[in-house]
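Before any comments, here is the structure.
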Amino acid sequence: MRNLLAMYSVLLTGLFTTSSAWAERIMPAQGNAYASEVDSLYIFLLVASLISFILVIGGMMYFVLKYKRKSANDETPYISHDHKLEFLWSFIPFLIFMFVFAWGWKLFREARTMPKNAFEIHVTGQKWAWNFDYKSGVSVTSSSSEEAAFVIPVNKPIKLIMTSKDVLHSFFIPAFRIKQDVIPGRYTALWFEAEKEGEFQIFCTEYCGDLHSQMLAKVRVVSMEEFENWMQTHPSRALGQMTLAERGKYLTNKSACTACHNFESSEKKIGPGLKGLFGKERQFEDGSKAIANADYIMESIYEPQKKYVKGFGGVMMNKYLPKDLSAEQVSWIIEYIKSNK
Ligand code: HEC
Ligand SMILES: [Cu+2]
């Protein structure tokens, strides 16, 4: 029995001293100290469960074998109860549970108490993109395009004020171990502080329709100087200084067209690749044909059901398209498509 206990304690200390190295191997990257605290709790739970499992199942197997009835003469002893033992096996787990509760509560409170001096950013979820609106007027939309990253300064508490345009989404940055539902018609909030520069993945973790799994974004953590520079020079602040094609490009990202279309290659996604589309002859599902001119592109945006490109029957449905694009904005998109020869 002594040996057994010694073995367990060696196992326990061994696991704990290697636990942070361990966590880095089996958990997502840690973007701050909070993440590593959450991991410690998680690993504590894992190890505690493992040890209880070994104690309970191991003990059971041991007694099953040791007290196996070996002959017809073996008698079953009559045991009713043992107050001391029963108290201990209730009270010790109770202490462990309270310890886990207190630890979890401390971490939960930390995550839910918004710091007053935080840098605030508005986040809007939509099928299937994340919009980030900064107070300076900079606006970033992240569908699966190369401009996906939303940028924040390192070592500065960031508060996200979040809502949704359409259905329930959920905003999750594994590296900071925070997650929160994003709900239409209501604001929710999240906060975190990045302690490392780098790029970290963002997921939507509430199933929200066809392209839920592509509702990705990245958070890019940079120094304060780099952040300010990024903010000053971001194109969304200077729409007036962009060419129409550049505005169109900006809009196709912002309106999540890029979730379904490549604009700068002819490779298809959910919809056809649109590079070189302008002026090309199109064939439709019903056998008819047309030249892809400005009217055709406008119709593809406003009334996508009218003509289905051959091989794409019925995918592009009205409900997925942004209804708020003005005729002026559609012209920018047409210019952008034209510019991708
Ligand atoms: C949910 C996916 C989806 C989204 C979002 C989407 N499209 Fe489409 N799009 C399609 C599919 C599928 C087709 C082909 C079927 C058809 O013609 O309706 C298509 C066809 C088109 C065409 C005609 C292409 C061709 O080869 O003739 C254009 C132009 C177009 N889309 C532009 C846009 C623009 C601009 C946006 C953003 C405002 C957008 N689409 C958003 C799926 C999508
Ligand atoms: Cu979503």
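Residues in the structure tokens are numbered from 1 in each chain, the chains being A, B, ... in the order shown, and ligands are numbered from 1 in the order shown.
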
> Please, which residues have at least one atom within 9 Å of an atom of ligand 2, using only C-alpha atoms and all ligand atoms, listed as a ChimeraX atom specification?
Replying inline: /A:125-130,167-171,182,203-209,211-216

Would you save the residues of that selection, restricted to N, CA, C and O atoms, as a JSON list (two decimals), in the first residue's frame?
```json
[["chain", "number", "residue", "atom", "x", "y", "z"],
["A", 125, "GLY", "N", -21.49, 39.62, -36.47],
["A", 125, "GLY", "CA", -21.45, 38.35, -37.19],
["A", 125, "GLY", "C", -22.51, 38.36, -38.27],
["A", 125, "GLY", "O", -23.56, 38.99, -38.12],
["A", 126, "GLN", "N", -22.23, 37.72, -39.39],
["A", 126, "GLN", "CA", -23.24, 37.58, -40.43],
["A", 126, "GLN", "C", -22.91, 36.30, -41.17],
["A", 126, "GLN", "O", -21.78, 35.81, -41.09],
["A", 127, "LYS", "N", -23.89, 35.76, -41.88],
["A", 127, "LYS", "CA", -23.59, 34.58, -42.68],
["A", 127, "LYS", "C", -22.74, 35.01, -43.87],
["A", 127, "LYS", "O", -23.24, 35.71, -44.73],
["A", 128, "TRP", "N", -21.48, 34.70, -44.03],
["A", 128, "TRP", "CA", -20.58, 33.99, -43.17],
["A", 128, "TRP", "C", -19.31, 34.78, -43.07],
["A", 128, "TRP", "O", -18.34, 34.48, -43.74],
["A", 129, "ALA", "N", -19.37, 35.80, -42.30],
["A", 129, "ALA", "CA", -18.20, 36.66, -42.14],
["A", 129, "ALA", "C", -18.28, 37.38, -40.80],
["A", 129, "ALA", "O", -19.35, 37.48, -40.20],
["A", 130, "TRP", "N", -17.13, 37.87, -40.37],
["A", 130, "TRP", "CA", -17.07, 38.70, -39.17],
["A", 130, "TRP", "C", -16.71, 40.13, -39.59],
["A", 130, "TRP", "O", -15.77, 40.33, -40.35],
["A", 167, "VAL", "N", -28.39, 35.33, -37.83],
["A", 167, "VAL", "CA", -28.71, 34.21, -36.92],
["A", 167, "VAL", "C", -27.72, 34.17, -35.76],
["A", 167, "VAL", "O", -26.85, 35.03, -35.67],
["A", 168, "LEU", "N", -27.84, 33.19, -34.90],
["A", 168, "LEU", "CA", -26.88, 33.02, -33.81],
["A", 168, "LEU", "C", -25.53, 32.61, -34.37],
["A", 168, "LEU", "O", -25.44, 31.70, -35.18],
["A", 169, "HIS", "N", -24.49, 33.30, -33.92],
["A", 169, "HIS", "CA", -23.13, 32.84, -34.17],
["A", 169, "HIS", "C", -22.44, 32.78, -32.82],
["A", 169, "HIS", "O", -23.02, 33.16, -31.81],
["A", 170, "SER", "N", -21.21, 32.31, -32.82],
["A", 170, "SER", "CA", -20.47, 32.33, -31.56],
["A", 170, "SER", "C", -19.02, 32.65, -31.87],
["A", 170, "SER", "O", -18.42, 32.07, -32.76],
["A", 171, "PHE", "N", -18.48, 33.61, -31.13],
["A", 171, "PHE", "CA", -17.14, 34.12, -31.41],
["A", 171, "PHE", "C", -16.15, 33.42, -30.48],
["A", 171, "PHE", "O", -16.26, 33.49, -29.27],
["A", 182, "VAL", "N", -23.04, 35.22, -30.19],
["A", 182, "VAL", "CA", -23.31, 36.49, -30.86],
["A", 182, "VAL", "C", -24.75, 36.40, -31.32],
["A", 182, "VAL", "O", -25.10, 35.49, -32.07],
["A", 203, "PHE", "N", -12.79, 31.30, -34.70],
["A", 203, "PHE", "CA", -13.81, 30.41, -35.27],
["A", 203, "PHE", "C", -15.20, 30.90, -34.92],
["A", 203, "PHE", "O", -15.39, 31.58, -33.92],
["A", 204, "CYS", "N", -16.19, 30.50, -35.76],
["A", 204, "CYS", "CA", -17.58, 30.58, -35.33],
["A", 204, "CYS", "C", -17.90, 29.21, -34.75],
["A", 204, "CYS", "O", -17.69, 28.20, -35.40],
["A", 205, "THR", "N", -18.39, 29.18, -33.52],
["A", 205, "THR", "CA", -18.66, 27.88, -32.90],
["A", 205, "THR", "C", -20.14, 27.65, -32.63],
["A", 205, "THR", "O", -20.52, 26.97, -31.70],
["A", 206, "GLU", "N", -20.99, 28.32, -33.43],
["A", 206, "GLU", "CA", -22.42, 28.03, -33.32],
["A", 206, "GLU", "C", -22.86, 27.73, -34.74],
["A", 206, "GLU", "O", -22.74, 28.61, -35.60],
["A", 207, "TYR", "N", -23.36, 26.53, -35.00],
["A", 207, "TYR", "CA", -23.69, 26.16, -36.37],
["A", 207, "TYR", "C", -24.68, 27.17, -36.96],
["A", 207, "TYR", "O", -25.74, 27.40, -36.39],
["A", 208, "CYS", "N", -24.30, 27.80, -38.09],
["A", 208, "CYS", "CA", -25.10, 28.91, -38.58],
["A", 208, "CYS", "C", -25.42, 28.77, -40.06],
["A", 208, "CYS", "O", -25.69, 29.74, -40.74],
["A", 209, "GLY", "N", -25.39, 27.57, -40.60],
["A", 209, "GLY", "CA", -25.79, 27.36, -41.99],
["A", 209, "GLY", "C", -24.67, 26.80, -42.85],
["A", 209, "GLY", "O", -23.61, 26.43, -42.34],
["A", 211, "LEU", "N", -22.14, 27.56, -44.81],
["A", 211, "LEU", "CA", -20.71, 27.84, -44.81],
["A", 211, "LEU", "C", -20.18, 28.14, -43.42],
["A", 211, "LEU", "O", -19.16, 28.80, -43.26],
["A", 212, "HIS", "N", -20.88, 27.65, -42.41],
["A", 212, "HIS", "CA", -20.46, 27.86, -41.02],
["A", 212, "HIS", "C", -18.98, 27.55, -40.82],
["A", 212, "HIS", "O", -18.25, 28.32, -40.19],
["A", 213, "SER", "N", -18.54, 26.43, -41.40],
["A", 213, "SER", "CA", -17.15, 26.03, -41.16],
["A", 213, "SER", "C", -16.15, 26.96, -41.83],
["A", 213, "SER", "O", -14.96, 26.91, -41.54],
["A", 214, "GLN", "N", -16.64, 27.81, -42.76],
["A", 214, "GLN", "CA", -15.72, 28.76, -43.40],
["A", 214, "GLN", "C", -15.83, 30.15, -42.81],
["A", 214, "GLN", "O", -15.29, 31.11, -43.34],
["A", 215, "MET", "N", -16.56, 30.26, -41.70],
["A", 215, "MET", "CA", -16.71, 31.57, -41.08],
["A", 215, "MET", "C", -15.49, 31.81, -40.20],
["A", 215, "MET", "O", -15.56, 31.78, -38.97],
["A", 216, "LEU", "N", -14.36, 32.01, -40.87],
["A", 216, "LEU", "CA", -13.09, 32.09, -40.17],
["A", 216, "LEU", "C", -12.59, 33.51, -40.17],
["A", 216, "LEU", "O", -12.99, 34.33, -40.98]]
```

>> Please extract the residues of segment 8-249 of chain A with a backbone DSSP assignment of helix (DSSP H, G or I) and present them as number ranges by chain.
In response: A: 8-17, 19-26, 33-66, 83-112, 174-176, 212-214, 224-233, 235-241, 244-249

> Mind pulling up the distance from atom CA of Val100 of chain A to atom CA of Thr113 of chain A?
Replying inline: 19.9 Å

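Excluding Ile333 of chain A itself and same-chain residues fewer than 6 positions from it, the residues having an atom within 8 Å of it are Leu244, Ala245, Arg247, Gly248, Lys249, Leu251 and Thr252 of chain A, counting only C-alpha atoms.
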
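For the choices A:Ala294, A:Leu50, A:Val330, A:Val309, the atom-to-atom distance to ligand 1 is smallest for A:Val309 when using only C-alpha atoms and all ligand atoms.
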
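The smallest atom-to-atom distance between Leu107 of chain A and any of A:Val123, A:Val38, A:Ile51, A:Ala149, using only C-alpha atoms, is found for A:Val38.
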
> Which parts of segment 89-178 of chain A does DSSP call strand (DSSP E) when run on the backbone here, written out as a ChimeraX atom specification?
Replying inline: /A:119-126,129-134,139-142,149-153,157-164,169-173,178

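Nearest to ligand 1 of all the residues A:Phe132, A:Phe119, A:Tyr308, A:Tyr336 is A:Tyr308, counting only C-alpha atoms and all ligand atoms.
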
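Proximity of A:Lys135, A:Lys196, A:Arg112, A:Lys254 to Asn155 of chain A, computed with only C-alpha atoms, is greatest for A:Lys196.
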
>> Calculated over only C-alpha atoms and all ligand atoms, which of the candidates A:Lys341, A:His234, A:His83, A:Lys280 has the smallest distance to ligand 1?
In response: A:Lys280

>> Using only C-alpha atoms, which protein or nucleic acid residues come within 7 Å of Ile291 of chain A? Drop anything in the same chain fewer than 6 positions from it, and give the result as a ChimeraX atom specification.
In response: /A:279-282

For the residues in the current selection, export all heavy atoms as a PDB file, in the first residue's frame.
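Saved result, again_35.pdb, follows:
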```pdb
ATOM      1  N   GLY A 279     -17.653  40.398 -70.265  1.00  0.00           N
ATOM      2  CA  GLY A 279     -17.620  40.276 -71.723  1.00  0.00           C
ATOM      3  C   GLY A 279     -17.637  38.845 -72.225  1.00  0.00           C
ATOM      4  O   GLY A 279     -17.713  38.591 -73.425  1.00  0.00           O
ATOM      5  N   LYS A 280     -17.578  37.885 -71.318  1.00  0.00           N
ATOM      6  CA  LYS A 280     -17.551  36.473 -71.716  1.00  0.00           C
ATOM      7  C   LYS A 280     -18.960  35.969 -72.005  1.00  0.00           C
ATOM      8  O   LYS A 280     -19.931  36.473 -71.445  1.00  0.00           O
ATOM      9  CB  LYS A 280     -16.998  35.671 -70.537  1.00  0.00           C
ATOM     10  CG  LYS A 280     -15.982  34.620 -70.940  1.00  0.00           C
ATOM     11  CD  LYS A 280     -15.771  33.674 -69.792  1.00  0.00           C
ATOM     12  CE  LYS A 280     -14.318  33.567 -69.367  1.00  0.00           C
ATOM     13  NZ  LYS A 280     -14.183  32.856 -68.105  1.00  0.00           N
ATOM     14  N   GLU A 281     -19.072  34.950 -72.853  1.00  0.00           N
ATOM     15  CA  GLU A 281     -20.388  34.352 -73.076  1.00  0.00           C
ATOM     16  C   GLU A 281     -20.681  33.355 -71.951  1.00  0.00           C
ATOM     17  O   GLU A 281     -19.821  32.563 -71.584  1.00  0.00           O
ATOM     18  CB  GLU A 281     -20.414  33.621 -74.417  1.00  0.00           C
ATOM     19  CG  GLU A 281     -21.802  33.125 -74.744  1.00  0.00           C
ATOM     20  CD  GLU A 281     -21.846  32.368 -76.081  1.00  0.00           C
ATOM     21  OE1 GLU A 281     -21.381  31.223 -76.130  1.00  0.00           O
ATOM     22  OE2 GLU A 281     -22.326  32.952 -77.069  1.00  0.00           O
ATOM     23  N   ARG A 282     -21.891  33.444 -71.393  1.00  0.00           N
ATOM     24  CA  ARG A 282     -22.285  32.544 -70.315  1.00  0.00           C
ATOM     25  C   ARG A 282     -23.344  31.583 -70.814  1.00  0.00           C
ATOM     26  O   ARG A 282     -24.226  31.966 -71.581  1.00  0.00           O
ATOM     27  CB  ARG A 282     -22.875  33.326 -69.125  1.00  0.00           C
ATOM     28  CG  ARG A 282     -22.064  34.483 -68.671  1.00  0.00           C
ATOM     29  CD  ARG A 282     -20.651  34.093 -68.300  1.00  0.00           C
ATOM     30  NE  ARG A 282     -20.567  33.213 -67.148  1.00  0.00           N
ATOM     31  CZ  ARG A 282     -19.685  32.235 -67.043  1.00  0.00           C
ATOM     32  NH1 ARG A 282     -18.845  31.984 -68.033  1.00  0.00           N
ATOM     33  NH2 ARG A 282     -19.643  31.497 -65.969  1.00  0.00           N
TER      34      ARG A 282
END
```

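Minimum atom-to-atom distances from A:Glu228, A:Leu46, A:Thr233, A:Thr124 to Arg186 of chain A were compared using only C-alpha atoms, and the lowest value belongs to A:Thr124.
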
> Skipping near chain neighbours, those fewer than 5 positions away, what residues fall within 12 Å of Ala292 of chain A using only C-alpha atoms, listed as a PyMOL selection string?
Replying inline: chain A and resi 274-284+297-300+307+309+334+337-338

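Atom pair atom CA of Pro115 of chain A / atom CA of Phe192 of chain A has a distance of 9.3 Å (rounded to one decimal).
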
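If you look at atom CA of Leu95 of chain A and atom CA of Ile54 of chain A, they are 19.4 Å away from each other.
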